[in-house]
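Below: my_file09.txt (compact mmCIF, C-alpha atoms)
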```
# COMPACT_ATOMS: atom_id res chain seq x y z
CA MET G 1 83.51 244.02 39.49
CA ILE G 2 86.18 241.66 38.19
CA LYS G 3 87.05 243.24 34.86
CA GLU G 4 86.86 240.03 32.82
CA ILE G 5 83.33 239.27 34.09
CA ALA G 6 82.20 242.69 32.88
CA THR G 7 83.96 242.74 29.51
CA ARG G 8 83.92 239.17 28.18
CA LYS G 9 81.69 238.36 25.24
CA SER G 10 81.04 235.22 23.21
CA THR G 11 83.08 235.69 20.06
CA ARG G 12 82.19 234.07 16.75
CA LYS G 13 84.60 236.03 14.51
CA TYR G 14 88.32 235.24 14.72
CA ASN G 15 91.37 236.44 12.84
CA ALA G 16 94.05 234.10 11.51
CA LYS G 17 96.58 234.57 14.31
CA PRO G 18 97.44 231.23 15.93
CA VAL G 19 97.10 230.76 19.68
CA GLU G 20 100.34 230.18 21.56
CA ASP G 21 100.58 226.71 23.16
CA GLU G 22 101.69 228.30 26.41
CA LYS G 23 98.47 230.30 26.55
CA ILE G 24 96.38 227.17 26.05
CA LEU G 25 98.10 225.60 29.04
CA GLN G 26 97.40 228.73 31.06
CA LEU G 27 93.70 228.44 30.21
CA ILE G 28 93.61 224.89 31.53
CA GLU G 29 95.60 225.96 34.57
CA SER G 30 92.76 228.35 35.42
CA ALA G 31 90.21 225.56 34.94
CA ARG G 32 92.32 223.38 37.24
CA HIS G 33 91.69 225.85 40.07
CA ALA G 34 87.91 225.49 39.88
CA PRO G 35 86.00 224.38 42.97
CA SER G 36 83.95 221.19 42.68
CA GLY G 37 81.59 219.11 44.77
CA SER G 38 83.61 217.10 47.31
CA ASN G 39 86.68 218.30 45.36
CA THR G 40 86.01 215.61 42.74
CA GLN G 41 87.40 217.69 39.84
CA PRO G 42 85.55 215.71 37.15
CA TRP G 43 86.91 217.54 34.11
CA HIS G 44 89.13 216.63 31.17
CA PHE G 45 90.07 218.88 28.27
CA ILE G 46 90.90 217.76 24.74
CA ILE G 47 92.89 220.35 22.79
CA VAL G 48 91.99 220.10 19.10
CA LYS G 49 93.82 221.94 16.33
CA ALA G 50 93.64 219.45 13.42
CA GLU G 51 91.46 220.96 10.72
CA GLU G 52 89.85 217.66 9.78
CA THR G 53 88.84 216.97 13.37
CA LYS G 54 87.58 220.53 13.80
CA ALA G 55 85.43 220.10 10.68
CA GLN G 56 83.88 216.91 12.08
CA ILE G 57 83.16 218.64 15.38
CA VAL G 58 81.57 221.61 13.62
CA LYS G 59 79.32 219.26 11.63
CA ALA G 60 78.20 217.56 14.86
CA ASP G 61 77.86 220.92 16.63
CA GLY G 62 74.96 222.33 14.64
CA ASN G 63 76.99 223.12 11.51
CA GLN G 64 78.25 226.33 13.10
CA ASN G 65 80.71 227.04 10.31
CA TRP G 66 82.02 230.21 11.94
CA MET G 67 83.82 227.90 14.39
CA MET G 68 86.39 226.88 11.77
CA ALA G 69 88.06 230.29 11.96
CA ALA G 70 89.06 229.63 15.58
CA PRO G 71 92.47 227.95 15.59
CA VAL G 72 91.85 225.91 18.73
CA PHE G 73 88.88 223.99 20.08
CA ILE G 74 88.88 222.84 23.70
CA VAL G 75 86.50 219.90 24.10
CA CYS G 76 85.41 219.87 27.73
CA VAL G 77 84.52 216.45 29.08
CA ALA G 78 82.97 215.50 32.43
CA ASP G 79 83.94 212.14 33.92
CA ILE G 80 81.37 210.41 36.11
CA ARG G 81 83.95 207.90 37.35
CA CYS G 82 85.05 210.35 40.02
CA ARG G 83 81.66 209.69 41.63
CA ILE G 84 80.67 206.18 40.47
CA LYS G 85 83.71 204.04 41.06
CA ASP G 86 82.42 200.55 40.39
CA ASP G 87 82.99 198.71 37.11
CA ALA G 88 79.38 198.68 35.94
CA GLU G 89 78.84 199.93 32.41
CA ILE G 90 77.48 203.50 32.25
CA PHE G 91 75.95 205.16 29.21
CA LEU G 92 75.50 208.92 29.50
CA ASP G 93 73.49 210.97 27.10
CA GLU G 94 71.14 213.95 27.08
CA ALA G 95 68.28 211.79 28.43
CA SER G 96 70.19 210.27 31.33
CA GLY G 97 68.55 210.75 34.72
CA LEU G 98 71.60 210.03 36.87
CA LYS G 99 72.05 212.41 39.78
CA GLU G 100 75.81 212.18 39.44
CA LEU G 101 75.61 213.39 35.83
CA LYS G 102 73.98 216.58 37.04
CA GLN G 103 76.80 217.01 39.55
CA ILE G 104 79.61 216.54 37.03
CA ILE G 105 77.95 218.83 34.48
CA ARG G 106 77.66 221.49 37.19
CA ASP G 107 81.29 221.18 38.24
CA THR G 108 82.69 221.02 34.72
CA ALA G 109 80.67 224.10 33.78
CA VAL G 110 82.49 226.01 36.52
CA ALA G 111 85.87 224.90 35.19
CA ILE G 112 84.84 225.91 31.66
CA GLU G 113 83.88 229.37 32.87
CA HIS G 114 87.36 229.73 34.35
CA ILE G 115 88.70 229.04 30.84
CA LEU G 116 86.46 231.74 29.35
CA LEU G 117 87.45 234.34 31.96
CA ALA G 118 91.13 233.42 31.70
CA ALA G 119 90.95 233.83 27.92
CA GLU G 120 89.51 237.30 28.33
CA ASN G 121 92.29 238.07 30.81
CA MET G 122 94.93 237.04 28.25
CA GLY G 123 93.44 238.91 25.30
CA LEU G 124 91.97 235.77 23.77
CA ALA G 125 88.42 235.44 22.48
CA SER G 126 86.18 232.44 23.14
CA CYS G 127 82.77 230.94 22.59
CA TRP G 128 81.18 228.04 24.50
CA THR G 129 79.24 225.92 22.01
CA ALA G 130 76.92 223.02 22.76
CA TYR G 131 74.62 222.27 19.83
CA PHE G 132 75.89 218.68 19.61
CA GLU G 133 74.56 215.42 20.95
CA GLN G 134 76.82 213.04 22.83
CA LYS G 135 76.32 210.24 20.31
CA ASP G 136 77.68 212.40 17.53
CA MET G 137 80.66 213.75 19.45
CA TRP G 138 82.00 210.54 21.02
CA PRO G 139 83.13 208.77 17.79
CA ILE G 140 84.94 211.85 16.48
CA LEU G 141 87.26 211.96 19.47
CA GLY G 142 87.11 208.38 20.74
CA ILE G 143 85.35 209.42 23.94
CA PRO G 144 83.91 206.51 25.97
CA SER G 145 80.16 206.46 26.59
CA ASP G 146 80.62 206.98 30.33
CA LYS G 147 81.89 210.53 29.69
CA TYR G 148 79.77 213.60 28.92
CA VAL G 149 80.88 216.45 26.68
CA VAL G 150 79.71 219.65 28.40
CA GLY G 151 80.96 222.06 25.78
CA VAL G 152 83.30 222.77 22.91
CA VAL G 153 85.06 226.09 23.51
CA THR G 154 86.49 227.92 20.51
CA ILE G 155 89.65 229.88 21.25
CA GLY G 156 91.41 232.47 19.09
CA TYR G 157 92.07 236.15 18.59
CA SER G 158 89.02 238.28 18.04
CA ASN G 159 87.96 239.88 14.81
CA ASP G 160 84.74 241.05 16.44
CA GLY G 161 84.17 244.54 17.79
CA GLY G 162 80.78 243.73 19.27
CA LYS G 163 79.50 243.96 22.81
CA PRO G 164 78.39 241.32 25.33
CA ALA G 165 74.84 239.99 24.90
CA PRO G 166 72.13 242.00 26.67
CA LYS G 167 71.13 240.64 30.06
CA ARG G 168 67.97 240.57 32.21
CA ALA G 169 67.58 243.36 34.74
CA LEU G 170 69.07 242.73 38.17
CA GLU G 171 65.69 243.06 39.93
CA SER G 172 64.23 240.27 37.82
CA MET G 173 66.59 237.70 39.30
CA ILE G 174 66.58 238.59 43.02
CA ARG G 175 64.08 237.48 45.66
CA TYR G 176 64.24 237.92 49.42
CA GLU G 177 63.75 235.20 52.03
CA LYS G 178 61.47 233.06 49.85
CA TRP G 179 60.53 232.31 46.26
CA MET M 180 96.02 234.25 36.13
CA ILE M 181 93.03 236.19 37.37
CA LYS M 182 93.88 236.72 41.01
CA GLU M 183 90.53 235.59 42.40
CA ILE M 184 90.69 232.27 40.52
CA ALA M 185 94.06 231.58 42.13
CA THR M 186 93.26 232.68 45.66
CA ARG M 187 89.63 231.76 46.34
CA LYS M 188 88.87 228.92 48.73
CA SER M 189 85.66 227.37 50.04
CA THR M 190 85.23 228.87 53.50
CA ARG M 191 83.37 227.12 56.30
CA LYS M 192 84.43 229.41 59.16
CA TYR M 193 82.94 232.89 59.38
CA ASN M 194 83.18 235.72 61.87
CA ALA M 195 80.17 237.66 63.12
CA LYS M 196 80.53 240.70 60.84
CA PRO M 197 77.34 241.24 58.80
CA VAL M 198 77.49 241.49 55.03
CA GLU M 199 76.55 244.85 53.55
CA ASP M 200 73.37 244.75 51.42
CA GLU M 201 75.15 246.68 48.69
CA LYS M 202 77.79 243.96 48.45
CA ILE M 203 75.10 241.29 48.08
CA LEU M 204 73.68 243.19 45.14
CA GLN M 205 77.15 243.45 43.64
CA LEU M 206 77.50 239.67 43.87
CA ILE M 207 74.27 239.17 41.94
CA GLU M 208 75.35 241.82 39.46
CA SER M 209 78.37 239.67 38.65
CA ALA M 210 76.13 236.62 38.25
CA ARG M 211 73.93 238.67 35.93
CA HIS M 212 76.86 239.01 33.51
CA ALA M 213 77.26 235.24 33.09
CA PRO M 214 77.04 233.76 29.60
CA SER M 215 74.32 231.15 29.02
CA GLY M 216 73.11 228.88 26.26
CA SER M 217 71.12 230.91 23.74
CA ASN M 218 71.37 233.73 26.30
CA THR M 219 68.50 232.16 28.26
CA GLN M 220 69.81 233.34 31.68
CA PRO M 221 67.88 230.72 33.65
CA TRP M 222 68.94 231.82 37.14
CA HIS M 223 67.17 233.28 40.16
CA PHE M 224 68.72 234.08 43.53
CA ILE M 225 66.95 234.05 46.87
CA ILE M 226 68.75 236.10 49.53
CA VAL M 227 68.17 234.53 52.94
CA LYS M 228 69.16 236.12 56.24
CA ALA M 229 66.36 234.99 58.58
CA GLU M 230 67.89 232.68 61.17
CA GLU M 231 64.90 230.35 61.25
CA THR M 232 64.97 229.89 57.50
CA LYS M 233 68.72 229.39 57.54
CA ALA M 234 68.30 226.66 60.16
CA GLN M 235 65.74 224.85 58.02
CA ILE M 236 68.03 225.04 55.01
CA VAL M 237 70.97 223.73 57.02
CA LYS M 238 68.90 220.79 58.20
CA ALA M 239 67.95 219.96 54.60
CA ASP M 240 71.51 220.56 53.43
CA GLY M 241 73.19 217.65 55.20
CA ASN M 242 73.07 219.20 58.67
CA GLN M 243 76.15 221.28 57.90
CA ASN M 244 75.93 223.28 61.09
CA TRP M 245 78.98 225.40 60.25
CA MET M 246 76.72 227.17 57.71
CA MET M 247 74.82 229.00 60.47
CA ALA M 248 77.80 231.27 61.13
CA ALA M 249 77.48 232.77 57.65
CA PRO M 250 75.13 235.77 57.85
CA VAL M 251 73.76 235.36 54.32
CA PHE M 252 72.71 232.39 52.22
CA ILE M 253 72.14 232.82 48.50
CA VAL M 254 69.84 230.07 47.25
CA CYS M 255 70.57 229.65 43.54
CA VAL M 256 67.65 228.42 41.47
CA ALA M 257 67.52 227.34 37.83
CA ASP M 258 64.29 227.93 35.92
CA ILE M 259 63.47 225.53 33.09
CA ARG M 260 60.70 227.81 31.82
CA CYS M 261 63.23 229.79 29.82
CA ARG M 262 63.52 226.67 27.65
CA ILE M 263 60.17 224.88 28.00
CA LYS M 264 57.56 227.53 27.50
CA ASP M 265 54.34 225.53 27.35
CA ASP M 266 51.97 225.16 30.30
CA ALA M 267 52.53 221.46 30.91
CA GLU M 268 53.35 220.54 34.48
CA ILE M 269 57.03 219.83 35.06
CA PHE M 270 58.51 218.11 38.09
CA LEU M 271 62.28 218.41 38.41
CA ASP M 272 64.34 216.40 40.82
CA GLU M 273 67.69 214.67 41.03
CA ALA M 274 66.41 211.75 38.92
CA SER M 275 64.96 213.85 36.09
CA GLY M 276 66.25 212.94 32.63
CA LEU M 277 65.23 216.14 30.89
CA LYS M 278 67.86 217.53 28.52
CA GLU M 279 66.83 221.06 29.38
CA LEU M 280 67.50 220.46 33.07
CA LYS M 281 71.12 219.66 32.23
CA GLN M 282 71.30 222.92 30.28
CA ILE M 283 69.90 225.11 33.05
CA ILE M 284 72.09 223.46 35.71
CA ARG M 285 75.12 224.14 33.49
CA ASP M 286 74.21 227.78 32.95
CA THR M 287 73.26 228.47 36.56
CA ALA M 288 76.53 226.90 37.71
CA VAL M 289 78.39 229.50 35.65
CA ALA M 290 76.43 232.33 37.25
CA ILE M 291 77.10 230.89 40.72
CA GLU M 292 80.82 230.79 40.01
CA HIS M 293 80.65 234.49 39.15
CA ILE M 294 79.22 235.04 42.64
CA LEU M 295 82.07 233.09 44.24
CA LEU M 296 84.74 234.98 42.31
CA ALA M 297 83.07 238.33 42.93
CA ALA M 298 82.95 237.55 46.66
CA GLU M 299 86.67 236.86 46.67
CA ASN M 300 87.19 240.13 44.80
CA MET M 301 85.27 242.03 47.48
CA GLY M 302 86.96 240.41 50.48
CA LEU M 303 84.00 238.15 51.20
CA ALA M 304 84.23 234.42 51.86
CA SER M 305 81.88 231.84 50.38
CA CYS M 306 81.07 228.17 50.13
CA TRP M 307 78.89 226.45 47.52
CA THR M 308 76.86 223.76 49.28
CA ALA M 309 74.63 221.11 47.70
CA TYR M 310 73.97 218.22 50.07
CA PHE M 311 70.21 218.77 49.84
CA GLU M 312 67.51 217.15 47.76
CA GLN M 313 65.02 219.22 45.84
CA LYS M 314 62.03 217.78 47.71
CA ASP M 315 63.44 219.01 51.01
CA MET M 316 64.41 222.48 49.81
CA TRP M 317 61.24 223.48 47.92
CA PRO M 318 58.85 223.68 50.91
CA ILE M 319 61.27 225.74 52.99
CA LEU M 320 61.32 228.54 50.44
CA GLY M 321 58.08 227.96 48.54
CA ILE M 322 59.91 227.04 45.37
CA PRO M 323 57.69 225.49 42.65
CA SER M 324 58.51 221.97 41.49
CA ASP M 325 59.47 223.17 38.00
CA LYS M 326 62.54 224.91 39.44
CA TYR M 327 65.84 223.29 40.44
CA VAL M 328 68.04 224.47 43.29
CA VAL M 329 71.63 224.24 42.01
CA GLY M 330 73.31 225.38 45.17
CA VAL M 331 73.10 227.27 48.44
CA VAL M 332 76.04 229.67 48.71
CA THR M 333 77.08 230.85 52.17
CA ILE M 334 78.44 234.41 52.26
CA GLY M 335 80.24 236.19 55.07
CA TYR M 336 83.58 237.39 56.32
CA SER M 337 86.20 234.72 56.79
CA ASN M 338 87.51 233.41 60.04
CA ASP M 339 89.54 230.78 58.20
CA GLY M 340 93.23 231.11 57.46
CA GLY M 341 93.38 227.95 55.35
CA LYS M 342 94.39 227.39 51.76
CA PRO M 343 92.41 226.28 48.69
CA ALA M 344 91.80 222.53 48.34
CA PRO M 345 94.57 220.59 46.57
CA LYS M 346 93.96 219.99 42.88
CA ARG M 347 94.86 217.30 40.33
CA ALA M 348 98.00 217.86 38.28
CA LEU M 349 97.59 219.81 35.06
CA GLU M 350 98.86 216.92 32.92
CA SER M 351 96.15 214.63 34.25
CA MET M 352 93.41 216.72 32.69
CA ILE M 353 94.80 217.53 29.24
CA ARG M 354 94.64 215.39 26.12
CA TYR M 355 95.57 216.28 22.56
CA GLU M 356 93.45 215.78 19.45
CA LYS M 357 91.52 212.80 20.85
CA TRP M 358 90.45 211.14 24.09
```
Now, as a test, write the supplied structure out as structure tokens.
Amino acid sequence: MIKEIATRKSTRKYNAKPVEDEKILQLIESARHAPSGSNTQPWHFIIVKAEETKAQIVKADGNQNWMMAAPVFIVCVADIRCRIKDDAEIFLDEASGLKELKQIIRDTAVAIEHILLAAENMGLASCWTAYFEQKDMWPILGIPSDKYVVGVVTIGYSNDGGKPAPKRALESMIRYEKW
Amino acid sequence: MIKEIATRKSTRKYNAKPVEDEKILQLIESARHAPSGSNTQPWHFIIVKAEETKAQIVKADGNQNWMMAAPVFIVCVADIRCRIKDDAEIFLDEASGLKELKQIIRDTAVAIEHILLAAENMGLASCWTAYFEQKDMWPILGIPSDKYVVGVVTIGYSNDGGKPAPKRALESMIRYEKW
């Protein structure tokens, strides 16, 4: 198995060591290589280090105060304009039923997972958080309402010696030839 | 960069070599390790090799006849019952506005990407297809209407010497501190 798939865990304890800018770019470079439906590549990444902005994000993101110890947040945004190219106004939120929103969430999720695996590969720790609602996140970062925030990934160096979360047994998730 | 992230491509040309059952299990084992929101692990995988079933899937999946050359399809299904645990009837399709559907599509997409990267790691080729609609896929495999098929992944040995699809420039997808 790819080592990083086996060893990565969601980390909620970070030490104070800053993350090198070059490493952040390398994380996004891995996301850049993600496959996507019709090669639409719907993702954008906002790198956030400002403490005040981080605090606002944490408040919107379920008051997960442990997040503040991570020196970098990567706000991962899906852009529906790669699929809906007209000028009509679009408002995306958790209740939206647009087919294209499902597609861009799917594709951006793949790119985010590349970030998480790349972080593990570089000795960085990460956690994908998503306890926010779109309406709370948009004003903090000036995100237009036709974008959808798929996750806020915390990045830093680990201060956590724990193990990956337990997973369902393999047999429970495999079926043959039909449901 | 993790080698498989850099080198993997979507493969639509396969040779006739069958895929070892043990390798299929190893693919799912990598998916099993995927992170998910609240560790809900909403994914199921249906391994399809029967030619007649493959043909029905291909017909539903945009008549992508190249798929038939792949000896194995993995039908990747997201299950909303890990999040909505009551007995109420749920009907999921491309127009559904349920928040939880967005969450299980996101999480299942991550598990599918583990399959694609694991395939690359094991010398297998793959392509994530999704030109189908739920209503056409369910009856083929007997999938209940409260499940959502996130993708059909073709697996086989490559007969394609091509390169990964071109990607957007790194700068186009990075912003700092705000949108």
(request) Considering only C-alpha atoms, extract the chain G residues located within 6 Å of chain M and return them as a list in words. (result)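 Filtering chain G at 6 Å from chain M with only C-alpha atoms gives His44, Phe45, Ile46, Ile47, Val48, Glu94, Ala95, Ser96, Gly97, Leu98, Lys99, Arg106, Ala109, Val110, Leu141, Gly142, Ile143, Met173, Ile174, Arg175, Tyr176, Glu177, Lys178 and Trp179 of chain G.
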(message) Measuring between all atoms listed in the file, which one of G:Thr11, G:Ser145, G:Ser126, G:Thr154 shows the shortest distance to Met68 of chain G?
(response)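 Looking only at the distances to Met68 of chain G, the closest residue turns out to be G:Thr154.
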(message) Please report the interatomic distance between atom CA of Met137 of chain G and atom CA of Lys23 of chain G in Å with one decimal.
(response) 25.3 Å
Spatial neighbours of Asn15 of chain G, max dist 12 Å, only C-alpha atoms, sep filter under 4 positions, as a PDB file with C-alpha atoms, in the coordinates of the input:
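Contents of selection_20.pdb, as written:
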```pdb
ATOM      1  CA  THR G  11      83.080 235.690  20.060  1.00  0.00           C
ATOM      2  CA  VAL G  19      97.100 230.760  19.680  1.00  0.00           C
ATOM      3  CA  TRP G  66      82.020 230.210  11.940  1.00  0.00           C
ATOM      4  CA  MET G  67      83.820 227.900  14.390  1.00  0.00           C
ATOM      5  CA  MET G  68      86.390 226.880  11.770  1.00  0.00           C
ATOM      6  CA  ALA G  69      88.060 230.290  11.960  1.00  0.00           C
ATOM      7  CA  ALA G  70      89.060 229.630  15.580  1.00  0.00           C
ATOM      8  CA  PRO G  71      92.470 227.950  15.590  1.00  0.00           C
ATOM      9  CA  LEU G 124      91.970 235.770  23.770  1.00  0.00           C
ATOM     10  CA  ALA G 125      88.420 235.440  22.480  1.00  0.00           C
ATOM     11  CA  ILE G 155      89.650 229.880  21.250  1.00  0.00           C
ATOM     12  CA  GLY G 156      91.410 232.470  19.090  1.00  0.00           C
ATOM     13  CA  TYR G 157      92.070 236.150  18.590  1.00  0.00           C
ATOM     14  CA  SER G 158      89.020 238.280  18.040  1.00  0.00           C
ATOM     15  CA  ASN G 159      87.960 239.880  14.810  1.00  0.00           C
ATOM     16  CA  ASP G 160      84.740 241.050  16.440  1.00  0.00           C
ATOM     17  CA  GLY G 161      84.170 244.540  17.790  1.00  0.00           C
TER      18      GLY G 161
END
```
(message) Ranking G:Phe132, G:Asp146, G:Pro18, G:Lys163 by minimum distance to Asp61 of chain G and counting all atoms listed in the file, which one comes first?
(response) G:Phe132
Please complete segment 24-40 of chain G with N, CA and C atoms and give it back as a PDB file, in the frame of the given file.
```pdb
ATOM      1  N   ILE G  24      97.374 228.247  25.891  1.00  0.00           N
ATOM      2  CA  ILE G  24      96.380 227.170  26.050  1.00  0.00           C
ATOM      3  C   ILE G  24      96.570 226.486  27.404  1.00  0.00           C
ATOM      4  N   LEU G  25      97.829 226.225  27.736  1.00  0.00           N
ATOM      5  CA  LEU G  25      98.100 225.600  29.040  1.00  0.00           C
ATOM      6  C   LEU G  25      97.656 226.506  30.188  1.00  0.00           C
ATOM      7  N   GLN G  26      97.825 227.803  30.013  1.00  0.00           N
ATOM      8  CA  GLN G  26      97.400 228.730  31.060  1.00  0.00           C
ATOM      9  C   GLN G  26      95.873 228.728  31.217  1.00  0.00           C
ATOM     10  N   LEU G  27      95.159 228.552  30.109  1.00  0.00           N
ATOM     11  CA  LEU G  27      93.700 228.440  30.210  1.00  0.00           C
ATOM     12  C   LEU G  27      93.309 227.235  31.064  1.00  0.00           C
ATOM     13  N   ILE G  28      93.947 226.107  30.784  1.00  0.00           N
ATOM     14  CA  ILE G  28      93.610 224.890  31.530  1.00  0.00           C
ATOM     15  C   ILE G  28      94.053 225.027  32.991  1.00  0.00           C
ATOM     16  N   GLU G  29      95.143 225.725  33.186  1.00  0.00           N
ATOM     17  CA  GLU G  29      95.600 225.960  34.570  1.00  0.00           C
ATOM     18  C   GLU G  29      94.528 226.716  35.368  1.00  0.00           C
ATOM     19  N   SER G  30      93.856 227.657  34.724  1.00  0.00           N
ATOM     20  CA  SER G  30      92.760 228.350  35.420  1.00  0.00           C
ATOM     21  C   SER G  30      91.588 227.412  35.685  1.00  0.00           C
ATOM     22  N   ALA G  31      91.277 226.553  34.723  1.00  0.00           N
ATOM     23  CA  ALA G  31      90.210 225.560  34.940  1.00  0.00           C
ATOM     24  C   ALA G  31      90.562 224.645  36.098  1.00  0.00           C
ATOM     25  N   ARG G  32      91.830 224.281  36.193  1.00  0.00           N
ATOM     26  CA  ARG G  32      92.320 223.380  37.240  1.00  0.00           C
ATOM     27  C   ARG G  32      91.999 223.909  38.631  1.00  0.00           C
ATOM     28  N   HIS G  33      91.954 225.232  38.770  1.00  0.00           N
ATOM     29  CA  HIS G  33      91.690 225.850  40.070  1.00  0.00           C
ATOM     30  C   HIS G  33      90.215 225.891  40.440  1.00  0.00           C
ATOM     31  N   ALA G  34      89.342 225.380  39.610  1.00  0.00           N
ATOM     32  CA  ALA G  34      87.910 225.490  39.880  1.00  0.00           C
ATOM     33  C   ALA G  34      87.521 224.689  41.125  1.00  0.00           C
ATOM     34  N   PRO G  35      86.567 225.198  41.889  1.00  0.00           N
ATOM     35  CA  PRO G  35      86.000 224.380  42.970  1.00  0.00           C
ATOM     36  C   PRO G  35      85.084 223.310  42.388  1.00  0.00           C
ATOM     37  N   SER G  36      84.873 222.233  43.139  1.00  0.00           N
ATOM     38  CA  SER G  36      83.950 221.190  42.680  1.00  0.00           C
ATOM     39  C   SER G  36      83.388 220.452  43.882  1.00  0.00           C
ATOM     40  N   GLY G  37      82.245 219.835  43.692  1.00  0.00           N
ATOM     41  CA  GLY G  37      81.590 219.110  44.770  1.00  0.00           C
ATOM     42  C   GLY G  37      82.502 218.023  45.329  1.00  0.00           C
ATOM     43  N   SER G  38      82.708 218.048  46.645  1.00  0.00           N
ATOM     44  CA  SER G  38      83.610 217.100  47.310  1.00  0.00           C
ATOM     45  C   SER G  38      84.989 217.062  46.665  1.00  0.00           C
ATOM     46  N   ASN G  39      85.368 218.158  46.035  1.00  0.00           N
ATOM     47  CA  ASN G  39      86.680 218.300  45.360  1.00  0.00           C
ATOM     48  C   ASN G  39      86.933 217.166  44.371  1.00  0.00           C
ATOM     49  N   THR G  40      85.893 216.749  43.661  1.00  0.00           N
ATOM     50  CA  THR G  40      86.010 215.610  42.740  1.00  0.00           C
ATOM     51  C   THR G  40      86.671 215.956  41.415  1.00  0.00           C
TER      52      THR G  40
END
```
